[in-house]
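These notes are about the structure you will find just below.
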Amino acid sequence: MKLHLFISLLFSSPIYVSFQMAHRLLVRRIWTLSVKDLRCLLASTSSFSTSLRSSTTPLSFLSPKHTLPCSLPHTSRREVSFNVQDHEDFTERVINSALPVLIDFHAQWCGPCKILGPRLEKAVAKQKGKVAMAKVDIDDHTDLAIEYGVSAVPTVIAMRGGDVIDQFVGIKDDEALDSFVSKLVGQ
């Protein structure tokens with residue numbers, strides 16, 4: 001009985017949860033390619049038959065950095081609400097944003113997240129472009145969740161100029177959400 005209690009406490013501890021998140025991050029970095037890498041790979045293999053390439057640097061698919069010889073055109077993204085694609089995207093669209101940003105850390109399996117998300121988007125939309133909203137799935141972006149100390153979902157972090165201003169965990173009513181967003185905008 002004591003062993004069963006010890007094991008259940010161990011697997012529910014924040015240290016074990018952080019270990020699981022770090023493990024998932026490591027596995028993803030080793031075994032997956034980013035969408036950008038896949039596009040580059042497809043582009044390079046489709047043109048390979050028509051041209052011979054002499055590359056002195058081998059392609060590395062295990063590196064978290066984009067090492068494939070491809071450059072995609074940069075497009076300006078002006079959406080108010082967006083899904084974060086990777087750490088580079090997070091840096092560009094959240095940390096370097098001219099607008100204040102609400103970051104919604106959520107998960108697909110999280111019931112309260114499914115309730116909070118649309119309500120949070122509605123509160124952001126009321127600000128008419130004065131604030132942006134970044135949605136970060138913690139299962140896809142474990143590194144960001146660890147970096148910002150997210151131990152439960154939903155977690156909402158308010159950021160302005162790359163600095164964390166405020167945050168909350170769990171669900172809030174519409175009035176509290178409006179107040180939270182207005183405080184970030186500075187009204």
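A note on labels: chains of the structure tokens are A, B, ... as shown, every chain counts residues from 1, and ligands are counted from 1 in their shown order.
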
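Selecting strand (DSSP E or B) from the backbone DSSP output for segment 107-181 of chain A yields Ala132, Met133, Ala134, Lys135, Val136, Asp137, Thr155, Val156, Ile157, Ala158, Met159, Arg160, Asp163, Val164, Ile165, Asp166, Gln167, Phe168 and Val169 of chain A.
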